[in-house]
Every structure is written in C-alpha cells, then in structure tokens.
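Here's the structure we're looking at; comments come further down.
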Amino acid sequence: MNMEVDREALLDAGPWKRNLTVCVFGSFTTIVGMTLLLPFLPLYVEQLGVTDHAAIVQWSGVAYGATFFSAALTAPLWGRLADRYGRKLMLIRASLGMAIAMSLIGMAHNVYELVGLRLLTGLLGGYASGSTVLIAAQTPKARSGWAIGVLSAGIMAGSLVGPLIGGVLPGLISIRATFFLIGGVIFFTFLGTTFLIREDARPKAAKGSKARGGWALVPDKRPVVAMWGTGLLLMIANMSIEPIITVYVAQLVDAPQVTFVAGLVMSAAAFGSLLSSSHLGKLADRVGHWRIITVCLAVSALLLIPQAFVASGWQLILLRFLMGLALGGLLPCIASVIRHNVPDAVTGSMLGYSISAQYAGQVIGPLAGGFIGGHIGMRAVFLGTSVLMALGAIGNFVVEKKE
C-alpha cells in the first residue's frame with residue numbers, strides 16, 4: 001500500500017501539472033483565435049472590397065484554409081527546433097506570434113493582406129501542437145495518455161467555442177475589434193507561458209548541432225509510421241462529411257431547420273470527443289494505448305455505416321456524437337505511442353510530423369468527401385470512410401502484434 005502511495009506521489013511530483021494547466025488554457029485561446037472568424041469571414045471578405053458572391057465564397061475558403069496549410073508545412077520544423085532549443089521557447093514564439101498576427105488581421109486593408117496574414121498565423125502559430133510536444137515529453141509516461149487527453153479536450157473545446165464567440169462578438173464590438181480582443185487574450189497566454197511553464201533540462205543529444213537526423217535515432221519505425229497514418233485517418237474521418245453535410249441534412253429535415261441541424265451535426269462529433277478524450281486517455285494508460293486505438297478505429301468504422309442510411313436528423317446527430325466519443329481516444333493515444341517509441345531527443349520532431357499528417361487529413365478529408373459525394377453519392381462518403389477506418393484498425397492490430 002505504501003509503495004503504491006509513494007509511486008503516485010512520485011508521478012505527481014514536478015511542474016508537469018502546472019504546465020498542463022497553462023497549455024490547456026493557451027491551446028484553448030489560440031484555437032478560438034483560429035476558428036472564431038468562421039461565422040463572419042464572408043462578411044469580412046466583403047468589407048475588404050470583394051463584391052461578387054462567388055468570389056466572396058472562394059476567398060473565404062482560401063483565407064480560412066491558409067492558416068492550416070502553412071501550419072502543416074511548418075509543424076515538423078517547429079518540432080525539430082523544440083528538440084534542439086527547448087519546447088517552452090517554441091510556445092513563447094507561437095503565443096507571441098499569434099497575438100501579433102491576430103491583431104494585424106484586424107488591420108487588413110484588402111483580401112490579399114487577409115490571406116497573407118492568415119498564412120502568417122499558421123506560420124507563426126502552432127501553440128496547440130507545441131503544447132502536445134511539451135506535455136508528451138515532460139509528463140511521466142504512466143500519465144501521458146491522461147494528460148494529452150485533457151489537452152486534447154481543451155483543443156476541441158476551443159474549436160467548439162470559437163465559432164460561437166465569432167457569431168456573437170462582431171455584432172457587439174465590430175469585426176476588427178474582435179480580432180484586437182482575441183489578440184489581447186492570446187497575449188495573456190504568452191505571459192502565462194513565459195512566467196509559469198517550467199521545462200525539464202533537455203537531453204544532451206538534443207543540444208548537439210550536428211547530431212544524427214531524428215529519423216535515424218528511432219529504433220523501431222513501424223509504430224511511428226502507424227501513428228502518422230492513424231492521425232491522417234482520424235482527420236479524414238472527421239472532415240470528410242464537411243462539404244456534403246448541409247446537402248445531406250436537407251434530405252432529412254424541413255428547409256427552415258437545415259442550417260441549425262447541420263451545425264449540430266458538425267459539432268456533435270467534436271463534443272463527443274471533448275467528453276471522452278481524457279477518460280479514454282486515462283484508460284489507455286492502464287490497458288495499453290495500442291488496444292484503445294484499435295478498438296476506437298473499429299467502433300468508428302461500425303458507426304459510420306448507419307450514418308449512410310439515417311432517416312432523420314436526430315439519428316445522424318446521435319451517431320456523430322457516438323463516433324466522437326470513440327474518436328476522442330485517438331489523439332492522446334497517438335501521441336503516447338510515439339512518446340513511448342522514440343528517444344526523448346527527437347520526441348518533438350516525430351510529434352511534429354504526426355501533427356502535419358493530421359493537418360493533411362484536414363485537407364484531404366473535405367476534398368475527398370466533396371469529390372466522392374458529388375460524383376458517386378453522399379452515402380459513398382460514409383461507407384468509404386468506414387472502410388478506411390476498418391483498414392486502420394486492422395493495420396494497427398497487425399503492427400502491435402509484430403512488436
């Protein structure tokens with residue numbers, strides 16, 4: 001009994017819980033900053049001088065996607081620099097960079113500046129991904145699943161709350177003032193990160209200027225590659241219905257309810273993941289991260305099948321919520337498996353590539369969903385995604401057994 005108490009006290013020692021609190025707050029605020037413009041982006045594009053309806057839609061899509069495009073390209077770089085110069089330093093850079101970029105967006109004079117500043121936001125940002133690297137590296141391995149699950153919940157909460165705030169604030173204080181306000185909030189994240197986060201000393205191997213490449217330091221590369229693929233599948237599964245959801249819901253509900261129900265469908269999976277991520281992460285710490293990943297992928301594959309044959313809006317909302325509950329276990333487990341299978345000196349690099357794979361899924365998912373839904377049929381989107389998730393479950397099961 002005393003040995004168990006001592007073990008628990010040892011795991012709870014150190015600054016990792018305070019680091020987690022700061023990172024959750026910082027990830028929440030920065031994700032809110034990245035997503036709050038969704039409801040009013042077309043209005044802002046119009047304010048910046050674009051008048052044609054088709055052009056407004058086109059530029060809105062380009063401006064929104066620009067941040068995630070540049071973030072996907074730079075995530076491995078920031079991960080590598082975090083390994084070399086410190087993870088806290090990268091969070092300071094990201095929070096200060098986002099505070100400045102968000103404020104500058106409020107000063108844009110035309111749509112070209114808006115797109116450029118959105119690219120800059122993705123380039124300078126990356127606080128949430130940097131937090132994942134810091135928490136995965138600094139948290140005791142026996143608690144990593146729970147800690148990353150809590151962080152994932154904060155990230156998903158930001159993605160849910162951001163559009164809600166964006167739907168209210170511009171009407172109260174104007175669109176430009178909304179950007180200035182969120183920039184100020186993120187500046188508080190910068191201050192908290194600078195003065196409250198404590199980082200353990202980096203492994204000596206990470207400080208060498210001409211050390212071997214990160215990939216060469218990984219003893220068994222199969223688990224890492226499997227996790228990159230799993231992250232890609234997760235985001236494809238989440239995002240594949242985005243282009244078709246409003247049209248699909250229009251077949252299920254009366255016209256006045258379409259946008260409301262479509263919004264609930266889009267939020268249901270994220271809300272389910274928000275509720276389950278920390279619990280599944282904690283369970284994975286006990287029963288094994290691979291096992292949770294395989295089960296979550298298999299359950300998600302099964303839940304996608306009835307989504308193709310629903311007869312009402314509430315059925316689709318319920319199924320997306322249940323799918324979100326299952327998918328909530330994937331992000332913390334992906335990071336934990338990578339954490340357990342790579343040296344500390346290259347944790348940031350490997351997690352950076354994992355985050356890039358997830359960003360790629362956010363791009364591939366909507367593109368594939370829109371193409372398949374338009375050329376084959378909307379049911380094929382759900383069924384095709386189900387097949388991908390099932391293949392992912394089988395692949396992870398096979399890789400785990402070969403370890």
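In the structure tokens, the first chain shown is A, the next is B, and so on; residue numbers restart at 1 for each chain, and ligands run from 1 in the order shown.
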
Q) Which neighbours of A:Arg320 fall inside 9 Å, counting only C-alpha atoms, when residues of the same chain fewer than 6 positions from it are skipped, and could you give them as a PyMOL selection string? A) chain A and resi 265-270+272+303-304+307

Q.
Need to verify the contact set: A:Ala262, 7 Å, only C-alpha atoms, exclusion of same-chain residues closer than 6 positions in sequence. Can you return it as a ChimeraX atom specification?
A. /A:245-246,249

(Q) Counting only C-alpha atoms, which residue out of A:Ala237, A:Met389, A:Leu91, A:Ile244 sits closest to A:Ile186? (A)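 Selected residue with least distance to A:Ile186: A:Leu91.
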
Dump as a Markdown table the rows for residues of stretch 111-142 of chain A within 7 Å of stretch 21-30 of chain A: closest atom pair and distance in Å with one decimal, only C-alpha atoms counted, ordered by chain and rising residue number.
```
| residue | atom | partner | partner_atom | distance |
| --- | --- | --- | --- | --- |
| A:Tyr127 | CA | A:Ser27 | CA | 6.1 |
| A:Ala128 | CA | A:Ser27 | CA | 4.6 |
| A:Ser131 | CA | A:Cys23 | CA | 5.7 |
```

Q: Return the single residue from A:Gln58, A:Ser336, A:Ser103, A:Ser354 that is closest to A:Ala142, with distances computed using only C-alpha atoms.
A: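 Among the listed residues, the smallest separation from A:Ala142 belongs to A:Ser336.
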
Q: Excluding A:Leu302 and any residue of its chain fewer than 6 positions from it, enumerate the residues within 10 Å of it, using only C-alpha atoms, and give them as a list of chain:residue names.
A: A:Met323, A:Leu383, A:Ser386, A:Val387, A:Met389, A:Ala390

Given the selection you just returned, output its residues as a file containing N, CA, C and O atoms, formatted as a PDB file, in the first residue's frame.
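Output contents, as saved in part-v7.pdb:
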```
ATOM      1  N   MET A 323     -19.756   8.565 -32.461  1.00  0.00           N
ATOM      2  CA  MET A 323     -18.486   8.435 -33.162  1.00  0.00           C
ATOM      3  C   MET A 323     -17.437   9.350 -32.541  1.00  0.00           C
ATOM      4  O   MET A 323     -16.260   8.978 -32.414  1.00  0.00           O
ATOM      5  N   LEU A 383     -19.593   5.339 -46.284  1.00  0.00           N
ATOM      6  CA  LEU A 383     -19.160   3.951 -46.431  1.00  0.00           C
ATOM      7  C   LEU A 383     -17.669   3.866 -46.761  1.00  0.00           C
ATOM      8  O   LEU A 383     -16.959   2.995 -46.243  1.00  0.00           O
ATOM      9  N   SER A 386     -15.755   4.530 -43.675  1.00  0.00           N
ATOM     10  CA  SER A 386     -15.847   3.345 -42.819  1.00  0.00           C
ATOM     11  C   SER A 386     -14.804   2.305 -43.209  1.00  0.00           C
ATOM     12  O   SER A 386     -14.134   1.721 -42.345  1.00  0.00           O
ATOM     13  N   VAL A 387     -14.651   2.092 -44.495  1.00  0.00           N
ATOM     14  CA  VAL A 387     -13.648   1.125 -44.970  1.00  0.00           C
ATOM     15  C   VAL A 387     -12.242   1.569 -44.558  1.00  0.00           C
ATOM     16  O   VAL A 387     -11.425   0.752 -44.098  1.00  0.00           O
ATOM     17  N   MET A 389     -11.376   3.441 -41.985  1.00  0.00           N
ATOM     18  CA  MET A 389     -11.206   3.266 -40.545  1.00  0.00           C
ATOM     19  C   MET A 389     -11.017   1.791 -40.189  1.00  0.00           C
ATOM     20  O   MET A 389     -10.218   1.451 -39.306  1.00  0.00           O
ATOM     21  N   ALA A 390     -11.752   0.913 -40.873  1.00  0.00           N
ATOM     22  CA  ALA A 390     -11.592  -0.522 -40.625  1.00  0.00           C
ATOM     23  C   ALA A 390     -10.190  -0.989 -41.010  1.00  0.00           C
ATOM     24  O   ALA A 390      -9.557  -1.768 -40.281  1.00  0.00           O
TER      25      ALA A 390
END
```

Q: Have a look at A:Val287, A:Ser312, A:Ile197, A:Gly281 and name the one nearest to A:Leu252; count only C-alpha atoms.
A: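 Nearest to A:Leu252: A:Ser312.
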
Q) Can you tell me, as a VMD selection string, what residues are no more than 10 Å from A:Gly166 when counting only C-alpha atoms, ignoring any on the same chain fewer than 3 positions away? A) chain A and resid 32 to 33 35 to 41 161 to 163 169 to 171 175 178 to 179

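Distance annotation: of A:Gly106, A:Gly329, A:Gly126, A:Pro343, the residue with the minimal separation from A:Leu73 is A:Gly126; atom set is only C-alpha atoms.
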
Compile the contact shell of A:His279 as a tab-separated table (two decimals) with N, CA, C and O atoms, in the first residue's frame: residues with an atom at most 9 Å away, counting only C-alpha atoms, same-chain residues fewer than 2 positions apart removed.
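The new file out36.tsv reads:
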```tsv
chain	number	residue	atom	x	y	z
A	146	TRP	N	-3.51	10.29	-20.10
A	146	TRP	CA	-4.49	11.16	-19.45
A	146	TRP	C	-4.17	12.62	-19.72
A	146	TRP	O	-5.06	13.42	-20.05
A	149	GLY	N	-4.91	13.61	-23.16
A	149	GLY	CA	-6.36	13.61	-23.32
A	149	GLY	C	-6.99	14.89	-22.80
A	149	GLY	O	-7.88	15.46	-23.43
A	150	VAL	N	-6.52	15.37	-21.65
A	150	VAL	CA	-7.01	16.65	-21.11
A	150	VAL	C	-6.66	17.79	-22.06
A	150	VAL	O	-7.48	18.67	-22.34
A	275	LEU	N	-15.78	15.11	-24.48
A	275	LEU	CA	-16.18	14.41	-23.27
A	275	LEU	C	-15.34	13.17	-22.98
A	275	LEU	O	-15.10	12.83	-21.82
A	276	SER	N	-14.87	12.51	-24.04
A	276	SER	CA	-14.25	11.20	-23.84
A	276	SER	C	-12.73	11.20	-23.82
A	276	SER	O	-12.12	10.25	-23.34
A	277	SER	N	-12.10	12.25	-24.36
A	277	SER	CA	-10.65	12.18	-24.60
A	277	SER	C	-9.84	11.92	-23.33
A	277	SER	O	-8.96	11.04	-23.32
A	281	GLY	N	-7.95	8.44	-22.55
A	281	GLY	CA	-6.51	8.55	-22.34
A	281	GLY	C	-6.08	7.91	-21.03
A	281	GLY	O	-5.07	7.20	-20.97
A	282	LYS	N	-6.85	8.14	-19.97
A	282	LYS	CA	-6.55	7.54	-18.68
A	282	LYS	C	-6.71	6.02	-18.74
A	282	LYS	O	-5.88	5.27	-18.19
A	283	LEU	N	-7.75	5.55	-19.41
A	283	LEU	CA	-7.94	4.11	-19.57
A	283	LEU	C	-6.79	3.49	-20.36
A	283	LEU	O	-6.30	2.40	-20.03
A	284	ALA	N	-6.33	4.20	-21.39
A	284	ALA	CA	-5.23	3.69	-22.21
A	284	ALA	C	-3.95	3.56	-21.41
A	284	ALA	O	-3.14	2.66	-21.65
A	328	GLY	N	-12.42	10.28	-29.64
A	328	GLY	CA	-11.75	11.06	-28.62
A	328	GLY	C	-10.54	10.38	-28.02
A	328	GLY	O	-9.65	11.04	-27.48
A	329	GLY	N	-10.48	9.06	-28.11
A	329	GLY	CA	-9.33	8.34	-27.56
A	329	GLY	C	-8.13	8.30	-28.46
A	329	GLY	O	-7.04	7.89	-28.03
```

Q: For A:Ser152, please output as number ranges by chain all residues within 7 Å (counting only C-alpha atoms; exclusion window: fewer than 3 positions along the same chain).
A: A: 148-149, 155-156, 277, 331-332

Please identify every residue of stretch 322-399 of chain A that has at least one atom no farther than 9 Å from an atom of stretch 61-68 of chain A, counting only C-alpha atoms, and for each give the shortest atom pair and the distance in Å to one decimal, arranged by chain then increasing number, as JSON lines.
```
{"residue": "A:Tyr359", "atom": "CA", "partner": "A:Phe68", "partner_atom": "CA", "distance": 6.6}
{"residue": "A:Ala360", "atom": "CA", "partner": "A:Phe68", "partner_atom": "CA", "distance": 8.9}
{"residue": "A:Gln362", "atom": "CA", "partner": "A:Phe68", "partner_atom": "CA", "distance": 8.3}
{"residue": "A:Val363", "atom": "CA", "partner": "A:Gly65", "partner_atom": "CA", "distance": 8.3}
```
